[in-house]
Structure formats: structure tokens, C-alpha cells
file input.cif (mmCIF, C-alpha atoms)
data_my_file
#
loop_
_atom_site.label_atom_id
_atom_site.label_comp_id
_atom_site.auth_asym_id
_atom_site.auth_seq_id
_atom_site.Cartn_x
_atom_site.Cartn_y
_atom_site.Cartn_z
CA MET A 144 -2.81 -13.64 -11.05
CA ILE A 145 -3.79 -16.97 -9.51
CA LEU A 146 -0.14 -18.12 -9.54
CA GLY A 147 1.15 -14.78 -8.24
CA HIS A 148 3.28 -12.23 -10.06
CA ARG A 149 5.94 -13.43 -12.50
CA PRO A 150 5.73 -17.22 -11.99
CA PRO A 151 8.88 -18.70 -13.58
CA ALA A 152 7.03 -21.17 -15.83
CA VAL A 153 4.89 -18.39 -17.32
CA GLU A 154 7.91 -16.15 -17.85
CA GLU A 155 9.69 -18.96 -19.67
CA ALA A 156 6.66 -19.57 -21.87
CA LEU A 157 6.61 -15.89 -22.79
CA ARG A 158 10.29 -15.94 -23.68
CA ARG A 159 9.72 -18.88 -26.02
CA ALA A 160 6.73 -17.17 -27.61
CA LEU A 161 8.72 -13.97 -28.20
CA GLU A 162 11.24 -15.93 -30.25
CA ILE A 163 8.45 -16.94 -32.64
CA GLY A 164 6.51 -13.66 -32.90
CA THR A 165 4.07 -11.46 -31.06
CA VAL A 166 1.16 -11.29 -33.51
CA PHE A 167 0.34 -12.83 -36.87
CA GLY A 168 -3.23 -11.73 -37.58
CA ALA A 169 -4.07 -15.40 -38.10
CA PRO A 170 -4.73 -18.43 -35.89
CA SER A 171 -1.74 -20.19 -34.38
CA ARG A 172 -1.14 -23.65 -32.95
CA SER A 173 -0.89 -22.25 -29.41
CA GLU A 174 -4.29 -20.57 -29.78
CA VAL A 175 -5.87 -23.88 -30.71
CA GLU A 176 -4.13 -25.65 -27.82
CA LEU A 177 -5.42 -23.09 -25.31
CA ALA A 178 -8.92 -23.42 -26.76
CA GLU A 179 -8.71 -27.21 -26.36
CA ARG A 180 -7.70 -26.84 -22.71
CA ILE A 181 -10.65 -24.54 -22.05
CA ARG A 182 -13.02 -26.93 -23.85
CA ASP A 183 -11.79 -29.90 -21.83
CA ALA A 184 -12.10 -28.06 -18.51
CA VAL A 185 -15.39 -26.13 -18.71
CA PRO A 186 -18.38 -28.50 -18.81
CA THR A 187 -20.60 -26.60 -21.26
CA VAL A 188 -18.01 -25.28 -23.70
CA GLU A 189 -17.75 -27.34 -26.89
CA MET A 190 -16.39 -24.50 -29.02
CA VAL A 191 -14.67 -21.31 -27.89
CA ARG A 192 -13.71 -17.99 -29.48
CA LEU A 193 -10.80 -16.04 -28.02
CA VAL A 194 -10.99 -12.25 -27.72
CA ASN A 195 -8.90 -9.55 -26.02
CA SER A 196 -10.75 -8.86 -22.76
CA GLY A 197 -13.66 -9.83 -20.58
CA THR A 198 -15.56 -6.82 -21.89
CA GLU A 199 -15.16 -8.08 -25.46
CA ALA A 200 -16.30 -11.52 -24.36
CA THR A 201 -19.56 -10.32 -22.83
CA MET A 202 -20.28 -7.91 -25.70
CA SER A 203 -19.74 -10.74 -28.18
CA ALA A 204 -21.88 -13.17 -26.18
CA LEU A 205 -24.71 -10.63 -26.12
CA ARG A 206 -24.49 -10.13 -29.88
CA LEU A 207 -24.60 -13.89 -30.38
CA ALA A 208 -27.60 -14.28 -28.06
CA ARG A 209 -29.47 -11.56 -29.91
CA GLY A 210 -28.50 -13.02 -33.27
CA VAL A 211 -29.71 -16.55 -32.57
CA THR A 212 -32.93 -15.57 -30.76
CA GLY A 213 -33.93 -12.61 -32.93
CA ARG A 214 -34.65 -10.65 -29.72
CA ASN A 215 -33.07 -7.45 -28.42
CA ARG A 216 -33.68 -7.26 -24.70
CA PHE A 217 -31.54 -8.91 -22.03
CA LEU A 218 -31.51 -9.09 -18.26
CA LYS A 219 -28.66 -8.36 -15.89
CA PHE A 220 -28.46 -8.01 -12.12
CA ASP A 221 -27.78 -5.01 -9.94
CA GLY A 222 -24.24 -5.31 -8.61
CA CYS A 223 -23.03 -7.69 -11.32
CA TYR A 224 -20.42 -6.19 -13.64
CA HIS A 225 -20.01 -7.43 -17.18
CA GLY A 226 -17.41 -5.05 -18.54
CA HIS A 227 -17.74 -1.52 -19.85
CA GLY A 228 -19.83 -2.20 -22.93
CA ASP A 229 -22.52 0.47 -23.22
CA SER A 230 -25.46 -1.92 -22.87
CA PHE A 231 -24.08 -3.31 -19.60
CA LEU A 232 -23.46 0.05 -17.87
CA VAL A 233 -26.82 0.25 -16.17
CA ALA A 234 -27.84 1.00 -12.58
CA ALA A 235 -30.81 -0.95 -11.22
CA GLY A 236 -33.69 0.62 -9.33
CA SER A 237 -33.54 0.18 -5.59
CA GLY A 238 -35.17 -3.05 -4.54
CA ALA A 239 -37.19 -3.55 -7.72
CA ALA A 240 -36.77 -4.67 -11.30
CA THR A 241 -36.48 -1.68 -13.64
CA LEU A 242 -35.71 -0.73 -17.18
CA GLY A 243 -32.11 0.23 -17.74
CA VAL A 244 -30.88 3.72 -16.93
CA PRO A 245 -27.33 4.61 -18.00
CA SER A 246 -24.90 4.84 -15.08
CA SER A 247 -22.08 6.58 -16.97
CA PRO A 248 -21.85 9.78 -19.01
CA GLY A 249 -21.42 9.04 -22.68
CA VAL A 250 -23.96 6.21 -22.75
CA PRO A 251 -27.19 7.24 -24.53
CA GLU A 252 -30.44 6.11 -22.97
CA ALA A 253 -31.41 4.57 -26.30
CA VAL A 254 -28.49 2.15 -26.01
CA THR A 255 -29.64 0.84 -22.63
CA ALA A 256 -33.36 0.86 -23.39
CA ASP A 257 -33.23 -2.91 -23.98
CA THR A 258 -31.36 -3.64 -20.74
CA LEU A 259 -33.55 -5.03 -17.97
CA THR A 260 -32.29 -5.24 -14.40
CA ALA A 261 -33.30 -7.06 -11.24
CA PRO A 262 -31.80 -7.48 -7.76
CA PHE A 263 -29.32 -10.34 -7.50
CA ASN A 264 -30.76 -13.42 -5.77
CA ASP A 265 -34.36 -12.19 -6.30
CA LEU A 266 -35.93 -14.91 -8.42
CA ALA A 267 -39.43 -13.48 -7.96
CA ALA A 268 -38.37 -10.24 -9.66
CA VAL A 269 -36.98 -12.23 -12.58
CA GLU A 270 -40.18 -14.28 -12.84
CA GLY A 271 -42.16 -11.03 -13.00
CA LEU A 272 -40.01 -9.70 -15.81
CA PHE A 273 -40.31 -12.91 -17.80
CA ALA A 274 -44.07 -12.99 -17.27
CA GLU A 275 -44.31 -9.51 -18.79
CA LYS A 276 -41.51 -9.47 -21.36
CA GLY A 277 -40.30 -13.07 -21.75
CA HIS A 278 -40.97 -13.09 -25.50
CA GLU A 279 -38.58 -10.12 -25.89
CA ILE A 280 -35.67 -11.36 -23.75
CA ALA A 281 -32.71 -12.80 -25.63
CA ALA A 282 -30.57 -13.68 -22.64
CA VAL A 283 -29.96 -13.50 -18.91
CA PHE A 284 -26.43 -12.47 -17.94
CA VAL A 285 -25.27 -13.33 -14.45
CA GLU A 286 -22.11 -13.80 -12.45
CA PRO A 287 -22.85 -17.25 -10.99
CA VAL A 288 -20.90 -16.14 -7.92
CA ALA A 289 -21.05 -12.37 -7.88
CA GLY A 290 -17.62 -10.85 -7.40
CA ASN A 291 -18.15 -7.20 -8.27
CA MET A 292 -20.03 -6.15 -5.14
CA GLY A 293 -17.70 -7.98 -2.84
CA LEU A 294 -18.32 -11.70 -3.00
CA VAL A 295 -22.02 -12.59 -2.96
CA PRO A 296 -22.88 -16.25 -3.63
CA PRO A 297 -26.21 -17.31 -5.14
CA VAL A 298 -28.90 -18.34 -2.71
CA GLU A 299 -30.31 -21.84 -2.98
CA ARG A 300 -32.23 -22.52 -6.22
CA PHE A 301 -31.55 -19.04 -7.68
CA LEU A 302 -29.39 -20.18 -10.59
CA GLU A 303 -31.58 -23.24 -11.11
CA GLY A 304 -34.56 -20.87 -11.33
CA LEU A 305 -32.83 -18.77 -13.97
CA ARG A 306 -32.10 -21.93 -15.96
CA ARG A 307 -35.75 -22.94 -15.79
CA LEU A 308 -37.06 -19.51 -16.84
CA CYS A 309 -34.68 -19.31 -19.80
CA ASP A 310 -35.75 -22.76 -20.95
CA GLU A 311 -39.43 -21.91 -20.63
CA HIS A 312 -39.14 -18.66 -22.59
CA GLY A 313 -36.51 -19.54 -25.18
CA ALA A 314 -33.83 -17.22 -23.79
CA LEU A 315 -30.15 -18.04 -23.34
CA LEU A 316 -28.52 -18.24 -19.91
CA VAL A 317 -25.06 -16.65 -19.95
CA PHE A 318 -22.64 -17.18 -17.09
CA ASP A 319 -20.08 -14.41 -16.83
CA GLU A 320 -17.15 -16.41 -15.46
CA VAL A 321 -14.54 -13.80 -16.33
CA MET A 322 -13.79 -13.67 -12.61
CA THR A 323 -14.81 -17.15 -11.38
CA GLY A 324 -13.55 -19.17 -14.36
CA PHE A 325 -10.57 -21.32 -13.31
CA ARG A 326 -10.62 -19.40 -10.02
CA VAL A 327 -13.26 -21.00 -7.78
CA SER A 328 -12.52 -24.38 -9.38
CA PHE A 329 -10.81 -25.68 -12.51
CA GLY A 330 -14.14 -25.95 -14.31
CA GLY A 331 -15.42 -22.66 -12.96
CA ALA A 332 -18.49 -21.89 -10.90
CA GLN A 333 -20.72 -23.95 -13.19
CA GLU A 334 -18.77 -27.08 -12.27
CA LEU A 335 -18.94 -26.18 -8.57
CA LEU A 336 -22.65 -25.30 -8.56
CA GLU A 337 -23.78 -27.87 -11.13
CA VAL A 338 -25.87 -25.49 -13.22
CA GLU A 339 -25.29 -25.42 -16.98
CA PRO A 340 -25.41 -22.12 -18.91
CA ASP A 341 -25.85 -21.84 -22.67
CA LEU A 342 -22.87 -19.49 -23.05
CA THR A 343 -19.87 -18.83 -20.83
CA THR A 344 -17.55 -15.82 -20.84
CA LEU A 345 -13.99 -16.12 -19.53
CA GLY A 346 -10.92 -13.96 -18.99
CA LYS A 347 -8.25 -13.04 -16.45
CA VAL A 348 -6.89 -16.44 -15.32
CA ILE A 349 -6.85 -17.87 -18.87
CA GLY A 350 -4.32 -15.19 -19.86
CA GLY A 351 -1.87 -15.84 -17.04
CA GLY A 352 -1.53 -12.08 -16.46
CA LEU A 353 -1.83 -10.92 -20.09
CA PRO A 354 -4.93 -9.41 -21.74
CA ILE A 355 -7.36 -12.04 -22.99
CA GLY A 356 -10.99 -13.06 -22.97
CA ALA A 357 -13.11 -15.85 -24.40
CA TYR A 358 -16.70 -16.91 -24.93
CA GLY A 359 -17.98 -20.36 -25.67
CA GLY A 360 -20.87 -22.76 -25.62
CA SER A 361 -22.38 -25.60 -27.58
CA ARG A 362 -21.20 -26.33 -31.11
CA ASP A 363 -24.62 -25.37 -32.48
CA LEU A 364 -24.55 -21.93 -30.85
CA MET A 365 -20.92 -21.13 -31.58
CA SER A 366 -21.33 -22.21 -35.21
CA GLU A 367 -23.50 -19.11 -35.62
CA VAL A 368 -20.37 -16.93 -35.22
CA ALA A 369 -18.63 -15.78 -38.42
CA PRO A 370 -17.14 -17.13 -40.59
CA ALA A 371 -19.15 -20.31 -39.92
CA GLY A 372 -22.33 -18.31 -39.30
CA PRO A 373 -23.84 -14.84 -39.75
CA VAL A 374 -23.04 -13.25 -36.34
CA TYR A 375 -19.92 -11.19 -36.92
CA GLN A 376 -17.05 -10.88 -34.47
CA ALA A 377 -13.33 -10.50 -35.11
CA GLY A 378 -10.13 -9.05 -33.65
CA THR A 379 -6.63 -8.85 -35.06
CA LEU A 380 -4.98 -9.34 -31.66
CA SER A 381 -7.41 -11.99 -30.41
CA GLY A 382 -5.58 -15.14 -29.37
CA ASN A 383 -2.20 -13.47 -29.81
CA PRO A 384 0.84 -15.71 -29.17
CA LEU A 385 1.95 -14.00 -25.95
CA ALA A 386 -1.42 -14.14 -24.18
CA VAL A 387 -2.13 -17.73 -25.19
CA ALA A 388 1.38 -18.87 -24.17
CA ALA A 389 0.92 -17.40 -20.70
CA GLY A 390 -2.61 -18.74 -20.43
CA ARG A 391 -1.83 -22.22 -21.67
CA THR A 392 1.04 -22.58 -19.19
CA THR A 393 -1.12 -21.30 -16.33
CA LEU A 394 -3.86 -23.82 -17.09
CA GLU A 395 -1.31 -26.61 -17.36
CA ILE A 396 -0.14 -25.83 -13.82
CA LEU A 397 -3.71 -25.57 -12.51
CA ALA A 398 -4.81 -28.84 -14.10
CA ASP A 399 -3.27 -31.17 -11.49
CA GLY A 400 -5.41 -29.71 -8.69
CA GLU A 401 -2.63 -29.14 -6.17
CA VAL A 402 -2.86 -25.37 -6.56
CA TYR A 403 -6.55 -25.41 -5.64
CA SER A 404 -6.04 -27.45 -2.49
CA GLY A 405 -3.33 -25.01 -1.40
CA LEU A 406 -5.54 -22.03 -2.18
CA GLU A 407 -8.39 -23.52 -0.18
CA THR A 408 -6.14 -23.90 2.86
CA THR A 409 -4.61 -20.44 2.58
CA ALA A 410 -7.88 -18.63 1.93
CA GLY A 411 -9.55 -20.49 4.79
CA ARG A 412 -6.75 -19.50 7.14
CA LEU A 413 -7.10 -15.86 6.11
CA ALA A 414 -10.90 -15.82 6.45
CA ASP A 415 -10.86 -17.55 9.84
CA GLY A 416 -8.18 -15.20 11.14
CA LEU A 417 -9.98 -12.05 10.02
CA LEU A 418 -13.19 -13.22 11.69
CA GLU A 419 -11.52 -14.23 14.95
CA ILE A 420 -9.84 -10.85 15.33
CA ALA A 421 -13.08 -8.98 14.56
CA GLU A 422 -14.84 -11.05 17.22
CA GLU A 423 -12.17 -10.12 19.77
CA PHE A 424 -12.95 -6.43 19.19
CA GLU A 425 -16.72 -7.09 18.98
CA ILE A 426 -16.87 -5.61 15.49
CA PRO A 427 -19.62 -6.99 13.22
CA LEU A 428 -18.01 -8.72 10.26
CA THR A 429 -19.27 -11.05 7.55
CA ILE A 430 -16.90 -12.98 5.30
CA GLN A 431 -18.32 -14.86 2.32
CA ARG A 432 -15.90 -17.17 0.56
CA ARG A 433 -15.82 -19.42 -2.47
CA GLY A 434 -12.42 -21.01 -2.91
CA SER A 435 -9.79 -18.29 -3.02
CA MET A 436 -12.33 -15.45 -3.44
CA LEU A 437 -13.47 -13.57 -0.33
CA GLY A 438 -16.04 -10.84 0.32
CA ILE A 439 -15.36 -8.74 3.43
CA PHE A 440 -18.30 -6.77 4.86
CA PHE A 441 -18.55 -4.83 8.11
CA ALA A 442 -22.12 -5.97 8.79
CA GLU A 443 -24.13 -8.84 10.13
CA GLY A 444 -24.68 -11.36 7.37
CA PRO A 445 -25.44 -13.04 5.17
CA ILE A 446 -25.10 -10.49 2.36
CA ARG A 447 -27.34 -11.46 -0.55
CA ASN A 448 -27.50 -8.47 -2.91
CA LYS A 449 -26.15 -5.00 -3.65
CA GLU A 450 -28.68 -3.30 -1.39
CA GLU A 451 -27.27 -5.22 1.57
CA VAL A 452 -23.71 -4.38 0.49
CA ASP A 453 -24.77 -0.72 0.37
CA ALA A 454 -26.03 -1.01 3.94
CA SER A 455 -22.72 -2.35 5.28
CA ASP A 456 -20.35 0.00 7.10
CA ARG A 457 -18.38 1.17 4.09
CA GLU A 458 -16.88 4.12 5.97
CA ARG A 459 -15.29 1.70 8.43
CA PHE A 460 -14.05 -0.37 5.51
CA ALA A 461 -12.34 2.72 4.07
CA ARG A 462 -10.66 3.53 7.37
CA VAL A 463 -9.41 -0.02 7.81
CA PHE A 464 -8.20 -0.15 4.21
CA HIS A 465 -5.98 2.91 4.70
CA ARG A 466 -4.58 1.56 7.96
CA LEU A 467 -3.70 -1.71 6.24
CA LEU A 468 -2.12 0.17 3.35
CA ASP A 469 -0.02 2.20 5.79
CA GLN A 470 1.36 -1.10 7.10
CA GLY A 471 2.29 -2.42 3.65
CA VAL A 472 -0.78 -4.62 3.15
CA HIS A 473 -2.74 -3.77 0.01
CA PRO A 474 -6.28 -5.23 0.03
CA PRO A 475 -8.97 -4.14 -2.43
CA PRO A 476 -9.95 -0.53 -1.68
CA SER A 477 -13.70 -1.02 -1.43
CA ALA A 478 -16.35 -3.29 0.02
CA TYR A 479 -17.55 -3.68 -3.57
CA GLU A 480 -14.34 -5.50 -4.51
CA THR A 481 -13.46 -9.14 -3.90
CA TRP A 482 -10.26 -10.25 -2.15
CA PHE A 483 -8.19 -12.83 -4.05
CA VAL A 484 -5.61 -15.20 -2.61
CA SER A 485 -2.90 -16.44 -4.97
CA ALA A 486 -0.69 -19.51 -4.90
CA ALA A 487 2.22 -17.19 -4.05
CA HIS A 488 0.65 -16.31 -0.70
CA GLY A 489 1.81 -18.44 2.20
CA GLU A 490 1.97 -18.47 5.98
CA GLU A 491 4.25 -15.43 6.08
CA GLU A 492 1.94 -13.25 3.99
CA ILE A 493 -1.21 -14.39 5.77
CA GLY A 494 0.40 -13.87 9.18
CA ARG A 495 1.54 -10.39 8.25
CA THR A 496 -1.91 -9.53 6.92
CA LEU A 497 -3.58 -10.67 10.14
CA GLU A 498 -1.14 -8.65 12.26
CA ALA A 499 -1.94 -5.54 10.25
CA TRP A 500 -5.67 -6.32 10.47
CA ARG A 501 -5.46 -6.58 14.26
CA SER A 502 -3.70 -3.22 14.44
CA ALA A 503 -6.23 -1.62 12.11
CA LEU A 504 -9.25 -2.90 14.05
CA ALA A 505 -7.75 -1.93 17.41
CA LYS A 506 -8.07 1.70 16.36
CA GLU A 507 -11.80 1.18 15.82
CA THR A 508 -12.45 0.52 19.51
#
call {"tool": "encode", "arguments": {"input": "input.cif", "output": "C-alpha cells"}}
result
Amino acid sequence: MILGHRPPAVEEALRRALEIGTVFGAPSRSEVELAERIRDAVPTVEMVRLVNSGTEATMSALRLARGVTGRNRFLKFDGCYHGHGDSFLVAAGSGAATLGVPSSPGVPEAVTADTLTAPFNDLAAVEGLFAEKGHEIAAVFVEPVAGNMGLVPPVERFLEGLRRLCDEHGALLVFDEVMTGFRVSFGGAQELLEVEPDLTTLGKVIGGGLPIGAYGGSRDLMSEVAPAGPVYQAGTLSGNPLAVAAGRTTLEILADGEVYSGLETTAGRLADGLLEIAEEFEIPLTIQRRGSMLGIFFAEGPIRNKEEVDASDRERFARVFHRLLDQGVHPPPSAYETWFVSAAHGEEEIGRTLEAWRSALAKET
């Protein structure tokens, strides 16, 4: 909801789409126009396939990676979330790279046997896995800026190291930008960080508040997807007229850059205010920010991986959350969630949030 709830332009686009139809089971002009906008914005996407959710996007990208490499195993990072596909629901071993162990009932161990995990920002662990199993690894999946354990940015040379290892071993590098795509910048985290993945998954912002997802990459890779190629993927509701109308209008508004400059100012004001108040009460607080995404941790920073998020004062976070909620301010309920600022937030909302934050922290002293 980067533009906030019910932005007038998006509502009008939805009204126009409703007059035409809600689903056709076939491609539409609007679907192609949204795909063209994504292609023009995201540096590494030459062709894109629309799906219905971020989970579908990552599942489809994994199938494609396995199909083109002929390998089954893939690597993900502890604390990075890639949707609720069975292969991705894996908990990593503490502080070491491990084979996948299912982290949800209903997921057979056999399904996750090909899932490798490593701590986020630990390039040495990844190098060890590639040294042992590089010939079996189809892809590395990573949130280029992790947003599902609070906000944890990559340390210097981490993403570059993943790119190098994938190139050396013939694996694909997949950036899960379902959260960061069109959020941290118009071209996503890959534009901001200047590291090029082979495949990119997208969602959330590109639907303007309606369910959608997408995956894309080079023309050569995406031409392997059916019907052009042998890797099958389909969905009757994929690219439906309502979702693409909302998404296309949202991206049109974001394209001029003014929204991002406003978000930078607003998110900076919020982050600075939260830190200043915590300092007044001598409460340890780390805020990690990329654009309008913020990670809030009651701990000394920096926070570099899930183990360090685990070690933060999550009980204090829970207490503060409920005090904020009691005052009509609804932040994410956990230190494992990222805070998002929208274009609808202004001085009034930030000021009210900081007042509630001050009241909540005062009760901690």
C-alpha cells in the first residue's frame, strides 16, 4: 500500500476495469501494459510472467531454475521468507549452514530435503556449501534487503559474493523483491545496490493493493516457460484485469519519482524521532532503514542476521507494541516484521506516532 489505502486514482482505474470485465482467462491489453512497465523499470527483467501472489512467483522461479539447470537443490537464508511453498518452509540450524528441516506441520521432510540454508550475510557459509554441493545447486534465493526478520540490509560484498559463486558454479541468483520491488526504489533493491540477479520475483506494490505476483528475467531464461518452452506454469486468474489496472496506475504514479522523495523525508523523520526518544530514556534501540522500510530492534546494532534479531529484546517490543496499539497507533506486531511508511503518511501521522512512542517508552523506565 505504498500510496496508502484507497488512493483516488487507483479506485478510478478499478471502476473503469469493472466496466470491461473481471476475468477473461486470456491475456488482455492491460496485462501487457503492466508487464511493459515492469520491464522498463527493473534492470534485469526483459520478459515477465504475471501470477497471483508472491508465493506463486517464488515457486515458479524455483521450478524454472530447476528446469534450466537440471539440478534440484537450492539455497535460501535463515530469516528470509519466500512465501508458503513447501520447499521454502525451512528453519535453518543455529549459526551454521544445514540441510532443510520442515518448520511447519504438513510439510514432509522429503519435500525439503533439497533445501539448503545458511545464515544471512554469512558468505563463508555459502562458500562452504558451494564447495561441497555446488554441482547440485540450481539457485540461490535471497531477499536483497531482508524484510521478514525486521529490516536487515546486506553487509558489504555479500550480494556480490553470491553473484560470483552462482557464476562460478552455474547456478541462478534469484532476488526475491516481492517486498523491496518498487518499494526501496523504482527499480527495486537491485537498482539501488547495483547487483544483477538472473531472476526477480515481484508482488505487493505492483498490484496496487490487489493480489498479484510476477517473476522475470532475461529473454533466454523466460523463453523456457510454457508455452514457449518446456517449464510449465499457468493460472486462470493471473494478470486479471482488476489487479493489473490497480498495479499499472500505481506504477504510473510512482514513475515520476516525487513519491519516493516524499517517502524518504517522511521515513527519515520517523526513524530519527524514534531514536531520539529512545536515547532520552536510555533505552538501547537500533533502526535500520532502506527508503520507506524500517527495522526496529531493542538492541545495540547493527543487526546482521536472524540470530541477532533473536537476541534483541522481543519482550520489550511486545510491551511497546501493545501500548502503541492502545493509543491508536498500529505498528507491526513483532520485531520480525518491517515497518512501512506510505505516501499517505504526513507530519500529522508521524507526530502522533512519536507522541505515542514517547508515552510507551516512558513506562519502560
call {"tool": "closest_residue", "arguments": {"input": "input.cif", "among": "A:Arg459, A:Arg300, A:Gly352, A:Ala256", "to": "Leu336 of chain A", "atoms": "only C-alpha atoms"}}
result
A:Arg300
call {"tool": "resolve_selection", "arguments": {"input": "input.cif", "expression": "the PyMOL selection byres ((chain A and resi 156-159) around 10)", "output": "ChimeraX atom specification"}}
result
/A:151-155,160-165,384-393
call {"tool": "resolve_selection", "arguments": {"input": "input.cif", "expression": "the PyMOL selection byres ((chain A and resi 354) around 7)", "output": "compact mmCIF listing (two decimals) with C-alpha atoms, in the frame of the given file"}}
result
# COMPACT_ATOMS: atom_id res chain seq x y z
CA ASN A 195 -8.90 -9.55 -26.02
CA SER A 196 -10.75 -8.86 -22.76
CA GLY A 350 -4.32 -15.19 -19.86
CA GLY A 352 -1.53 -12.08 -16.46
CA LEU A 353 -1.83 -10.92 -20.09
CA ILE A 355 -7.36 -12.04 -22.99
CA ALA A 386 -1.42 -14.14 -24.18
call {"tool": "atom_distance", "arguments": {"input": "input.cif", "atom1": "atom CA of Asn448 of chain A", "atom2": "atom CA of Val348 of chain A"}}
result
25.3 Å
call {"tool": "closest_residue", "arguments": {"input": "input.cif", "among": "A:Ile396, A:Val233, A:Val288, A:Leu342", "to": "Asp363 of chain A", "atoms": "all atoms listed in the file"}}
result
A:Leu342
call {"tool": "residues_near_point", "arguments": {"input": "input.cif", "point": "(-4.9, 1.1, 4.6)", "cutoff": "12 Å", "atoms": "all atoms listed in the file", "output": "number ranges by chain"}}
result
A: 459-477, 496, 499-500, 502-504
call {"tool": "residues_near_point", "arguments": {"input": "input.cif", "point": "(-9.9, -26.0, -1.7)", "cutoff": "9 Å", "atoms": "all atoms listed in the file", "output": "NGL selection string"}}
result
:A and (327-328 or 402-411 or 433-435)
call {"tool": "closest_residue", "arguments": {"input": "input.cif", "among": "A:Ala200, A:Ala169, A:Val338, A:Leu417", "to": "Asp319 of chain A", "atoms": "all atoms listed in the file"}}
result
A:Ala200
call {"tool": "resolve_selection", "arguments": {"input": "input.cif", "expression": "the PyMOL selection byres ((chain A and resi 444) around 8)", "output": "PyMOL selection string"}}
result
chain A and resi 428-429+442-443+445-446
call {"tool": "residues_around", "arguments": {"input": "input.cif", "residues": "Asn264 of chain A", "least_positions_apart": "5", "cutoff": "8 Å", "atoms": "all atoms listed in the file", "output": "PDB file with C-alpha atoms, keeping the file's coordinate frame"}}
result
ATOM      1  CA  PRO A 297     -26.210 -17.310  -5.140  1.00  0.00           C
ATOM      2  CA  VAL A 298     -28.900 -18.340  -2.710  1.00  0.00           C
ATOM      3  CA  PHE A 301     -31.550 -19.040  -7.680  1.00  0.00           C
ATOM      4  CA  ARG A 447     -27.340 -11.460  -0.550  1.00  0.00           C
ATOM      5  CA  ASN A 448     -27.500  -8.470  -2.910  1.00  0.00           C
TER       6      ASN A 448
END
call {"tool": "residues_around", "arguments": {"input": "input.cif", "residues": "segment 177-189 of chain A", "least_positions_apart": "4", "cutoff": "6 Å", "atoms": "all atoms listed in the file", "output": "list in words"}}
result
Gly330, Gly359, Gly360, Ser361, Arg362 and Arg391 of chain A
call {"tool": "closest_residue", "arguments": {"input": "input.cif", "among": "A:Ala204, A:Leu345, A:Ala454, A:Ala369", "to": "Ala332 of chain A", "atoms": "all atoms listed in the file"}}
result
A:Leu345
call {"tool": "atom_distance", "arguments": {"input": "input.cif", "atom1": "atom CA of Gly331 of chain A", "atom2": "atom CA of Gly293 of chain A"}}
result
18.0 Å
call {"tool": "closest_residue", "arguments": {"input": "input.cif", "among": "A:Val269, A:Ala208, A:Met202, A:Ala289", "to": "Gly222 of chain A", "atoms": "only C-alpha atoms"}}
result
A:Ala289
call {"tool": "atom_distance", "arguments": {"input": "input.cif", "atom1": "atom CA of Val254 of chain A", "atom2": "atom CA of Glu311 of chain A"}}
result
27.0 Å
call {"tool": "closest_residue", "arguments": {"input": "input.cif", "among": "A:Ile349, A:Phe217, A:Phe231, A:Phe263", "to": "Val295 of chain A", "atoms": "all atoms listed in the file"}}
result
A:Phe263
call {"tool": "residues_around", "arguments": {"input": "input.cif", "residues": "Glu279 of chain A", "least_positions_apart": "2", "cutoff": "10 Å", "atoms": "only C-alpha atoms", "output": "PyMOL selection string"}}
result
chain A and resi 212-217+257+273+275-277+281-282+312-314
